[in-house]
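File shown: target_21.txt (compact mmCIF, C-alpha atoms).
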# COMPACT_ATOMS: atom_id res chain seq x y z
CA MET A 1097 -2.03 24.62 -8.55
CA HIS A 1098 0.29 21.70 -7.83
CA GLU A 1099 1.30 21.80 -11.49
CA MET A 1100 4.15 24.21 -10.64
CA SER A 1101 5.61 21.77 -8.09
CA LEU A 1102 5.35 18.94 -10.60
CA VAL A 1103 7.13 21.05 -13.20
CA GLU A 1104 9.92 21.79 -10.72
CA SER A 1105 10.43 18.04 -10.17
CA ILE A 1106 10.37 17.38 -13.90
CA LEU A 1107 12.96 20.09 -14.61
CA GLU A 1108 15.23 18.69 -11.91
CA SER A 1109 15.05 15.21 -13.47
CA LEU A 1110 15.50 16.50 -17.02
CA LEU A 1111 18.52 18.63 -16.22
CA GLN A 1112 20.14 15.69 -14.45
CA MET A 1113 19.41 13.31 -17.35
CA LYS A 1114 20.71 15.83 -19.85
CA LYS A 1115 23.95 16.18 -17.92
CA GLU A 1116 24.46 12.47 -17.29
CA ASN A 1117 23.81 11.51 -20.92
CA GLN A 1118 25.60 14.54 -22.34
CA TRP A 1119 22.72 15.39 -24.64
CA LYS A 1120 23.13 18.54 -26.66
CA LYS A 1121 19.49 19.48 -26.42
CA ILE A 1122 16.08 18.21 -25.32
CA ASN A 1123 13.49 19.06 -27.99
CA LYS A 1124 10.38 17.47 -26.65
CA VAL A 1125 9.19 16.01 -23.35
CA THR A 1126 6.16 13.74 -23.32
CA LEU A 1127 4.32 13.09 -20.08
CA ARG A 1128 1.65 10.49 -19.40
CA ILE A 1129 -0.83 11.78 -16.87
CA GLY A 1130 -3.88 9.89 -15.65
CA LYS A 1131 -7.15 11.75 -15.23
CA MET A 1132 -7.31 10.87 -11.52
CA ARG A 1133 -4.23 13.04 -10.99
CA GLN A 1134 -6.24 16.26 -11.29
CA VAL A 1135 -3.61 17.94 -13.46
CA ILE A 1136 -4.83 20.63 -15.86
CA PRO A 1137 -2.73 20.30 -19.06
CA GLU A 1138 -2.95 23.99 -20.00
CA ILE A 1139 -1.66 25.06 -16.57
CA MET A 1140 1.07 22.44 -16.69
CA GLU A 1141 2.22 23.63 -20.13
CA PHE A 1142 2.14 27.26 -19.00
CA ALA A 1143 4.14 26.40 -15.86
CA TYR A 1144 6.65 24.45 -17.96
CA ASN A 1145 7.15 27.16 -20.57
CA THR A 1146 7.61 29.79 -17.88
CA SER A 1147 10.04 27.65 -15.89
CA VAL A 1148 12.36 26.54 -18.71
CA SER A 1149 13.08 30.05 -19.88
CA GLY A 1150 16.68 30.93 -19.11
CA THR A 1151 17.62 27.30 -18.33
CA ASP A 1152 19.38 24.63 -20.37
CA LEU A 1153 15.95 23.38 -21.39
CA GLU A 1154 14.79 26.59 -23.05
CA GLY A 1155 13.15 25.85 -26.37
CA SER A 1156 11.98 22.39 -25.37
CA HIS A 1157 8.33 21.58 -25.87
CA LEU A 1158 6.05 19.84 -23.38
CA SER A 1159 3.45 17.41 -24.62
CA ILE A 1160 0.91 15.72 -22.35
CA ASP A 1161 -0.84 12.44 -23.08
CA GLN A 1162 -3.87 12.26 -20.84
CA VAL A 1163 -4.84 8.76 -19.83
CA GLU A 1164 -8.51 7.97 -19.30
CA MET A 1165 -9.53 6.17 -16.12
CA GLU A 1166 -10.14 2.46 -16.46
CA PHE A 1167 -11.37 0.10 -13.76
CA PHE A 1168 -11.28 -3.70 -13.71
CA CYS A 1169 -13.25 -6.15 -11.58
CA LYS A 1170 -11.17 -9.11 -10.43
CA SER A 1171 -14.35 -11.09 -9.69
CA CYS A 1172 -16.30 -10.83 -12.96
CA LEU A 1173 -13.39 -9.57 -15.11
CA LYS A 1174 -15.40 -6.68 -16.60
CA LYS A 1175 -13.95 -3.22 -17.27
CA TRP A 1176 -15.46 0.29 -17.10
CA GLY A 1177 -14.45 3.94 -17.41
CA GLU A 1178 -14.65 7.32 -15.74
CA LYS A 1179 -18.36 7.80 -16.45
CA ASP A 1180 -19.12 5.00 -13.99
CA MET A 1181 -16.21 5.81 -11.69
CA ALA A 1182 -16.35 3.37 -8.82
CA PHE A 1183 -14.25 0.99 -6.84
CA VAL A 1184 -17.32 -1.19 -6.46
CA CYS A 1185 -18.07 -3.24 -9.57
CA PRO A 1186 -21.18 -1.85 -11.33
CA PHE A 1187 -21.84 -5.32 -12.77
CA CYS A 1188 -21.45 -7.69 -9.80
CA ASP A 1189 -21.04 -5.38 -6.74
CA SER A 1190 -17.64 -6.87 -5.90
CA THR A 1191 -15.13 -4.59 -4.15
CA GLN A 1192 -12.22 -6.51 -5.70
CA VAL A 1193 -11.63 -3.62 -8.07
CA GLU A 1194 -8.36 -2.53 -9.56
CA MET A 1195 -7.66 0.79 -11.24
CA LEU A 1196 -5.87 -0.11 -14.46
CA HIS A 1197 -5.39 3.45 -15.71
CA GLY A 1198 -5.84 6.98 -14.45
CA MET A 1199 -3.05 7.23 -11.85
CA GLU A 1200 -0.18 7.68 -14.34
CA LEU A 1201 2.21 10.55 -13.64
CA ASP A 1202 5.30 9.72 -15.66
CA ILE A 1203 7.90 11.23 -17.90
CA ASP A 1204 7.24 8.90 -20.81
CA THR A 1205 9.64 9.80 -23.63
CA LEU A 1206 12.11 12.50 -24.56
CA GLU A 1207 13.19 13.65 -27.99
CA VAL A 1208 16.82 14.60 -27.63
CA GLU A 1209 19.72 15.73 -29.77
CA GLU A 1210 23.04 14.09 -29.14
CA LYS A 1211 26.33 15.92 -29.23
CA ASP A 1212 28.07 15.83 -32.62
CA GLY A 1213 30.84 13.30 -32.96
CA MET B 254 20.92 13.87 -34.60
CA ALA B 255 17.59 13.70 -32.82
CA LYS B 256 16.43 10.48 -31.18
CA VAL B 257 13.60 9.41 -28.89
CA VAL B 258 14.51 8.11 -25.47
CA ASN B 259 12.12 6.02 -23.35
CA VAL B 260 12.24 7.27 -19.80
CA LYS B 261 9.15 5.83 -18.05
CA GLU B 262 10.10 7.45 -14.78
CA SER B 263 7.72 8.82 -12.21
CA VAL B 264 7.53 12.61 -12.14
CA MET B 265 7.66 12.25 -8.39
CA ALA B 266 10.90 10.23 -8.33
CA ALA B 267 12.85 12.90 -6.41
CA ASP B 268 10.02 13.51 -3.91
CA GLU B 269 9.59 9.81 -3.34
CA ILE B 270 13.18 9.52 -2.13
CA VAL B 271 12.55 12.14 0.56
CA ALA B 272 9.17 10.58 1.46
CA GLU B 273 10.94 7.25 1.91
CA ARG B 274 13.44 8.89 4.31
CA VAL B 275 10.53 10.29 6.35
CA ARG B 276 8.92 6.84 6.39
CA LYS B 277 12.12 5.25 7.65
CA PHE B 278 12.59 7.95 10.32
CA CYS B 279 9.10 7.20 11.65
CA ARG B 280 9.48 3.43 11.35
CA ASP B 281 12.74 3.48 13.32
CA ARG B 282 11.06 5.42 16.14
CA ASN B 283 7.78 3.52 15.95
CA ILE B 284 5.82 6.66 15.11
CA LEU B 285 2.49 6.48 13.28
CA LEU B 286 2.34 9.38 10.81
CA VAL B 287 -1.14 10.64 9.88
CA ASN B 288 -1.70 13.22 7.14
CA LEU B 289 -4.90 15.25 7.73
CA ILE B 290 -6.33 16.63 4.48
CA GLY B 291 -9.40 18.85 4.22
CA SER B 292 -10.69 22.24 3.09
CA PRO B 293 -9.77 25.44 4.93
CA GLY B 294 -12.16 25.66 7.87
CA SER B 295 -13.18 21.99 7.82
CA GLY B 296 -12.10 21.60 11.45
CA LYS B 297 -8.68 19.96 11.26
CA THR B 298 -7.12 22.03 14.06
CA THR B 299 -10.30 21.80 16.16
CA LEU B 300 -10.15 18.03 15.78
CA LEU B 301 -6.62 18.00 17.20
CA GLU B 302 -7.69 20.25 20.06
CA ALA B 303 -10.59 17.93 20.84
CA MET B 304 -8.26 14.91 20.92
CA LYS B 305 -6.23 16.62 23.61
CA LYS B 306 -9.33 17.66 25.53
CA TYR B 307 -11.38 14.48 25.29
CA SER B 308 -8.77 11.70 25.20
CA ASP B 309 -5.52 10.70 26.85
CA ILE B 310 -3.70 9.87 23.62
CA LYS B 311 -0.29 11.49 23.33
CA PHE B 312 0.67 13.09 20.03
CA ALA B 313 2.66 15.81 18.25
CA VAL B 314 1.76 17.95 15.25
CA ILE B 315 3.40 19.43 12.17
CA GLU B 316 1.17 22.34 11.18
CA GLY B 317 1.16 23.23 7.49
CA ASP B 318 -0.21 26.60 6.43
CA VAL B 319 0.40 29.07 3.67
CA GLU B 320 1.06 31.83 6.21
CA THR B 321 0.92 32.59 9.97
CA GLU B 322 1.66 30.52 13.06
CA ARG B 323 -1.91 30.73 14.29
CA ASP B 324 -2.64 27.02 14.18
CA ALA B 325 0.64 26.14 15.87
CA ASP B 326 -0.16 28.68 18.60
CA ARG B 327 -3.49 26.96 19.20
CA ILE B 328 -1.85 23.53 19.50
CA ASN B 329 1.06 24.84 21.54
CA ALA B 330 -1.38 26.42 24.02
CA LEU B 331 -2.53 22.89 24.88
CA GLY B 332 0.99 21.73 25.68
CA VAL B 333 1.14 19.50 22.57
CA PRO B 334 4.54 19.48 20.78
CA VAL B 335 4.15 21.33 17.49
CA VAL B 336 6.14 22.93 14.68
CA GLN B 337 4.70 25.28 12.11
CA VAL B 338 5.70 24.90 8.49
CA ASN B 339 4.74 27.73 6.13
CA THR B 340 4.63 27.20 2.40
CA HIS B 341 4.43 30.95 1.56
CA GLY B 342 2.00 30.52 -1.28
CA GLY B 343 2.40 26.78 -1.87
CA CYS B 344 -0.93 24.95 -1.85
CA HIS B 345 0.31 21.71 -0.25
CA LEU B 346 3.11 20.24 1.84
CA GLU B 347 5.91 18.23 0.27
CA ALA B 348 8.07 15.62 1.92
CA ASN B 349 11.11 17.92 2.20
CA LEU B 350 9.08 20.37 4.34
CA VAL B 351 7.94 17.52 6.58
CA GLU B 352 11.52 16.33 6.91
CA LYS B 353 12.58 19.84 7.98
CA GLY B 354 9.73 19.89 10.50
CA LEU B 355 10.84 16.54 11.93
CA GLN B 356 14.35 17.87 12.46
CA GLN B 357 12.98 20.70 14.58
CA MET B 358 10.92 18.45 16.85
CA VAL B 359 11.60 16.69 20.11
CA LEU B 360 9.86 13.37 19.62
CA GLU B 361 10.80 11.58 22.79
CA ASP B 362 7.94 9.29 23.92
CA ILE B 363 5.88 10.35 20.89
CA HIS B 364 4.43 7.52 18.82
CA LEU B 365 1.72 9.44 17.00
CA LEU B 366 2.45 12.41 14.76
CA PHE B 367 -0.09 14.38 12.77
CA ILE B 368 0.63 16.44 9.72
CA GLU B 369 -2.09 19.04 9.29
CA ASN B 370 -1.82 19.73 5.59
CA VAL B 371 -2.58 23.06 3.91
CA GLY B 372 -6.37 23.40 3.55
CA ASN B 373 -7.08 22.09 0.05
CA LEU B 374 -8.81 19.00 -1.38
CA VAL B 375 -6.75 18.67 -4.54
CA CYS B 376 -2.99 19.26 -4.34
CA PRO B 377 -2.12 17.68 -0.96
CA VAL B 378 -3.35 14.29 -2.18
CA GLU B 379 -0.77 14.15 -4.95
CA PHE B 380 2.28 14.34 -2.71
CA ASP B 381 3.56 11.40 -0.69
CA LEU B 382 4.81 12.75 2.64
CA GLY B 383 5.91 9.37 3.96
CA GLU B 384 2.70 9.07 5.97
CA ASP B 385 1.07 5.83 7.09
CA LYS B 386 -2.45 7.14 6.51
CA LYS B 387 -4.11 9.99 4.70
CA VAL B 388 -7.29 11.07 6.45
CA ALA B 389 -9.99 13.12 4.72
CA VAL B 390 -11.69 15.73 6.91
CA ASN B 391 -14.95 16.99 5.42
CA SER B 392 -17.33 19.28 7.28
CA VAL B 393 -21.10 19.29 6.93
CA PRO B 394 -21.33 22.90 5.59
CA GLU B 395 -19.10 21.95 2.63
CA GLY B 396 -21.94 19.80 1.32
CA ALA B 397 -22.43 16.13 0.52
CA ASP B 398 -21.10 16.27 -3.03
CA LYS B 399 -17.42 16.47 -2.16
CA PRO B 400 -16.38 12.79 -2.51
CA LEU B 401 -17.24 12.56 -6.21
CA LYS B 402 -15.92 16.07 -6.90
CA TYR B 403 -12.57 15.24 -5.29
CA PRO B 404 -12.37 11.49 -5.91
CA HIS B 405 -8.64 11.08 -5.48
CA LEU B 406 -8.65 12.21 -1.85
CA PHE B 407 -11.65 10.12 -0.87
CA HIS B 408 -10.28 7.09 -2.69
CA LYS B 409 -6.88 7.35 -1.03
CA ALA B 410 -8.16 8.11 2.48
CA GLY B 411 -7.49 5.60 5.24
CA ALA B 412 -10.43 7.15 7.11
CA VAL B 413 -13.04 9.79 6.37
CA LEU B 414 -14.20 12.14 9.12
CA LEU B 415 -17.41 14.11 8.72
CA THR B 416 -17.12 17.05 11.11
CA LYS B 417 -19.57 19.65 12.48
CA ILE B 418 -22.42 17.13 12.49
CA ASP B 419 -24.28 19.32 15.00
CA LEU B 420 -25.09 21.52 11.97
CA LEU B 421 -26.99 18.76 10.16
CA PRO B 422 -30.45 20.03 11.24
CA TYR B 423 -29.71 23.48 9.76
CA ILE B 424 -28.04 22.60 6.47
CA SER B 425 -29.21 20.69 3.47
CA PHE B 426 -26.75 17.80 3.53
CA ASP B 427 -27.82 14.56 1.88
CA MET B 428 -26.17 11.88 4.01
CA LYS B 429 -27.30 9.12 1.62
CA VAL B 430 -25.50 10.79 -1.29
CA PHE B 431 -22.35 11.28 0.77
CA GLU B 432 -22.34 7.68 2.01
CA SER B 433 -23.13 6.08 -1.33
CA ASP B 434 -20.56 8.17 -3.23
CA LEU B 435 -17.97 7.38 -0.58
CA GLU B 436 -18.77 3.71 -0.83
CA LYS B 437 -18.19 3.81 -4.58
CA LEU B 438 -14.77 5.39 -4.16
CA ASN B 439 -13.57 3.58 -1.06
CA PRO B 440 -15.89 0.72 -0.13
CA GLU B 441 -14.25 -0.33 3.10
CA VAL B 442 -13.02 2.99 4.51
CA PRO B 443 -13.84 3.74 8.17
CA PHE B 444 -16.32 6.64 8.22
CA LEU B 445 -16.76 8.59 11.45
CA LYS B 446 -19.12 11.41 12.36
CA ILE B 447 -17.65 14.02 14.66
CA GLU B 448 -18.68 17.06 16.64
CA ALA B 449 -15.32 18.11 17.97
CA LEU B 450 -16.38 20.94 20.26
CA LYS B 451 -18.48 18.59 22.37
CA GLY B 452 -16.17 15.61 21.88
CA GLU B 453 -18.72 13.52 19.99
CA GLY B 454 -17.03 10.80 17.94
CA ILE B 455 -13.58 11.52 19.36
CA LYS B 456 -13.49 8.25 21.30
CA GLU B 457 -14.19 6.24 18.13
CA TRP B 458 -11.57 8.24 16.20
CA VAL B 459 -8.94 7.67 18.90
CA ASN B 460 -9.78 3.95 19.00
CA LEU B 461 -9.26 3.78 15.24
CA ILE B 462 -5.86 5.46 15.61
CA LYS B 463 -4.90 3.14 18.46
CA GLY B 464 -5.69 0.21 16.15
CA TRP B 465 -3.41 1.67 13.47
CA MET B 466 -0.65 2.21 16.05
CA LYS B 467 -0.94 -1.39 17.21
CA GLU B 468 -0.86 -2.62 13.59
CA LYS B 469 2.29 -0.62 12.96
CA SER B 470 4.15 -1.70 16.09
CA ASP B 471 3.28 -5.43 15.69
Can you give me the file's structure in the form of structure tokens?
Amino acid sequence: MHEMSLVESILESLLQMKKENQWKKINKVTLRIGKMRQVIPEIMEFAYNTSVSGTDLEGSHLSIDQVEMEFFCKSCLKKWGEKDMAFVCPFCDSTQVEMLHGMELDIDTLEVEEKDG
Amino acid sequence: MAKVVNVKESVMAADEIVAERVRKFCRDRNILLVNLIGSPGSGKTTLLEAMKKYSDIKFAVIEGDVETERDADRINALGVPVVQVNTHGGCHLEANLVEKGLQQMVLEDIHLLFIENVGNLVCPVEFDLGEDKKVAVNSVPEGADKPLKYPHLFHKAGAVLLTKIDLLPYISFDMKVFESDLEKLNPEVPFLKIEALKGEGIKEWVNLIKGWMKEKSD
């Protein structure tokens, strides 16, 4: 249940950005979260909706883009996904493996309304 | 008028600033910071007790628990410097709690500090505490399937300790599965087998830590 802590961090960042940029309103927040991060989207959305109520972000909507895991072998240059999750190449046994995707945990985009005039 | 703004900022940005302060604090004092992560009852506190009993390595501990000071009492009884941090419901430690713990400690002549994280295989992995190494503590009764079920921890671990190995004759634990899954996730990770009550494996564990301390101070 680390989703609540993540939401707290996100709210802190959003409120600061809103203030600094003098946005009138934040309508939508899109996160990119890799599957390795063990975040459950439904819990995250619930935590977000509960936390924004009564704040300057009330009414904003959270959207989560889940990113599939992708691995890359630097020796044979092949790629594979979560089904064959490994940091040892399933094709050539090399341990020179890089995780291209799956560790994302970012605020990607915001849809905001600017102040009139 | 509505517009879309690209942010591309880590959710953890605020936490990372605090973690970086903890890292600097430890670097300035030449302290190796080790974050012990494992299930409740996997033997994290017993491991620390065994280090005191079976080795001469000097260390201090930040004890993380949801409630109670029981673990800190156990460590304190051995004369090891310790502070208890309670999360009161929180399932993991965050860098700001570690920073508070550091402020309460006397760290004179201490060059090795353990953080015993809240017992949990999921949440503690996600939070950078400013540590040098995360160490996964997995006990035999938990079963051999834990690495693939909790891949992030076992991938991130700087060492994996399998504890309570004296129970192997009584429990169905497939060592081959554990070792091959671990190899997939973290091919070069040091893997140690430990029976803390009798001190088995403690020497190897302490030697590994001494190597890390030397690496850090060089």
How close does chain A get to chain B? List, as CSV, each residue of chain A within 8 Å, its nearest atom pair and the distance in Å to one decimal, counting all atoms listed in the file.
residue,atom,partner,partner_atom,distance
A:Met1097,CA,B:Cys344,CA,6.8
A:His1098,CA,B:Cys376,CA,5.4
A:Leu1102,CA,B:Val264,CA,6.9
A:Ser1105,CA,B:Val264,CA,6.5
A:Ile1106,CA,B:Val264,CA,5.8
A:Ser1109,CA,B:Ala267,CA,7.7
A:Met1132,CA,B:His405,CA,6.2
A:Arg1133,CA,B:Glu379,CA,7.0
A:Gln1134,CA,B:Val375,CA,7.2
A:Met1181,CA,B:Lys437,CA,7.6
A:Ala1182,CA,B:Lys437,CA,4.6
A:Phe1183,CA,B:Leu438,CA,5.2
A:Val1184,CA,B:Lys437,CA,5.4
A:Thr1191,CA,B:Pro440,CA,6.7
A:Leu1201,CA,B:Val264,CA,5.9
A:Asp1202,CA,B:Ser263,CA,4.3
A:Ile1203,CA,B:Glu262,CA,5.4
A:Asp1204,CA,B:Lys261,CA,4.5
A:Thr1205,CA,B:Asn259,CA,4.5
A:Leu1206,CA,B:Val258,CA,5.1
A:Glu1207,CA,B:Val257,CA,4.4
A:Val1208,CA,B:Ala255,CA,5.3
A:Glu1209,CA,B:Ala255,CA,4.2
A:Glu1210,CA,B:Met254,CA,5.9
A:Lys1211,CA,B:Met254,CA,7.9
A:Asp1212,CA,B:Met254,CA,7.7
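Distance-wise, CA of Thr340 in chain B and CA of Asp318 in chain B end up 6.3 Å apart.
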Next item on the list: Write out as number ranges by chain the residues lying within 9 Å of Glu384 in chain B, counting all atoms listed in the file and excluding same-chain residues fewer than 6 positions away.
Entry: B: 272, 275-276, 279, 285-288, 368
Note to self: If we count only C-alpha atoms and set the cut-off at 9 Å, which residues sit around range 349-365 of chain B, ignoring sequence neighbours fewer than 4 positions away in its own chain? Please answer as a VMD selection string.
What the structure shows: chain B and resid 268 271 to 272 274 to 275 278 to 279 282 to 287 310 to 317 334 to 340 382 to 383 462 466
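Counting from CA of Pro422 in chain B, the distance to CA of Lys297 in chain B is 21.8 Å.
Residues within 12 Å of Arg327 in chain B, counting all atoms listed in the file and excluding same-chain residues fewer than 2 positions away, are Lys297, Thr298, Thr299, Leu300, Leu301, Glu302, Ala303, Lys305, Val314, Glu316, Thr321, Glu322, Arg323, Asp324, Ala325, Asn329, Ala330, Leu331, Gly332, Val333, Pro334, Val335, Val336 and Gln337 of chain B.
Counting all atoms listed in the file, the residue from B:Trp458, B:Leu450, B:Glu273, B:Asp326 that sits nearest to Val390 in chain B is B:Trp458.
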As JSON, please: the centre and edge lengths in Å, to one decimal, of an axis-aligned box enclosing every listed atom of range 1132-1144 of chain A with 6 Å added on each side.
{"center_x": -0.3, "center_y": 19.1, "center_z": -15.6, "size_x": 26.0, "size_y": 28.4, "size_z": 21.1}
Note to self: What does the structure give for the distance between CA of Glu1138 in chain A and CA of Gly291 in chain B, in Å to one decimal?
What the structure shows: 25.6 Å
Next item on the list: Name the residues in contact with Lys1170 in chain A at a cut-off of 10 Å, using all atoms listed in the file, excluding same-chain residues fewer than 5 positions from it; report them as a PyMOL selection string.
Entry: chain A and resi 1175+1185+1190-1194
Next item on the list: Using only C-alpha atoms, find the one residue out of A:Glu1200, A:Glu1104, A:Glu1178, A:Glu1116 that sits nearest to Met1140 in chain A.
Entry: A:Glu1104
Margin query: For Lys1114 in chain A, find every residue with an atom within 10 Å (counting all atoms listed in the file), except residues of its own chain fewer than 3 positions away, and show them as a count of residues only.
Written below: 14
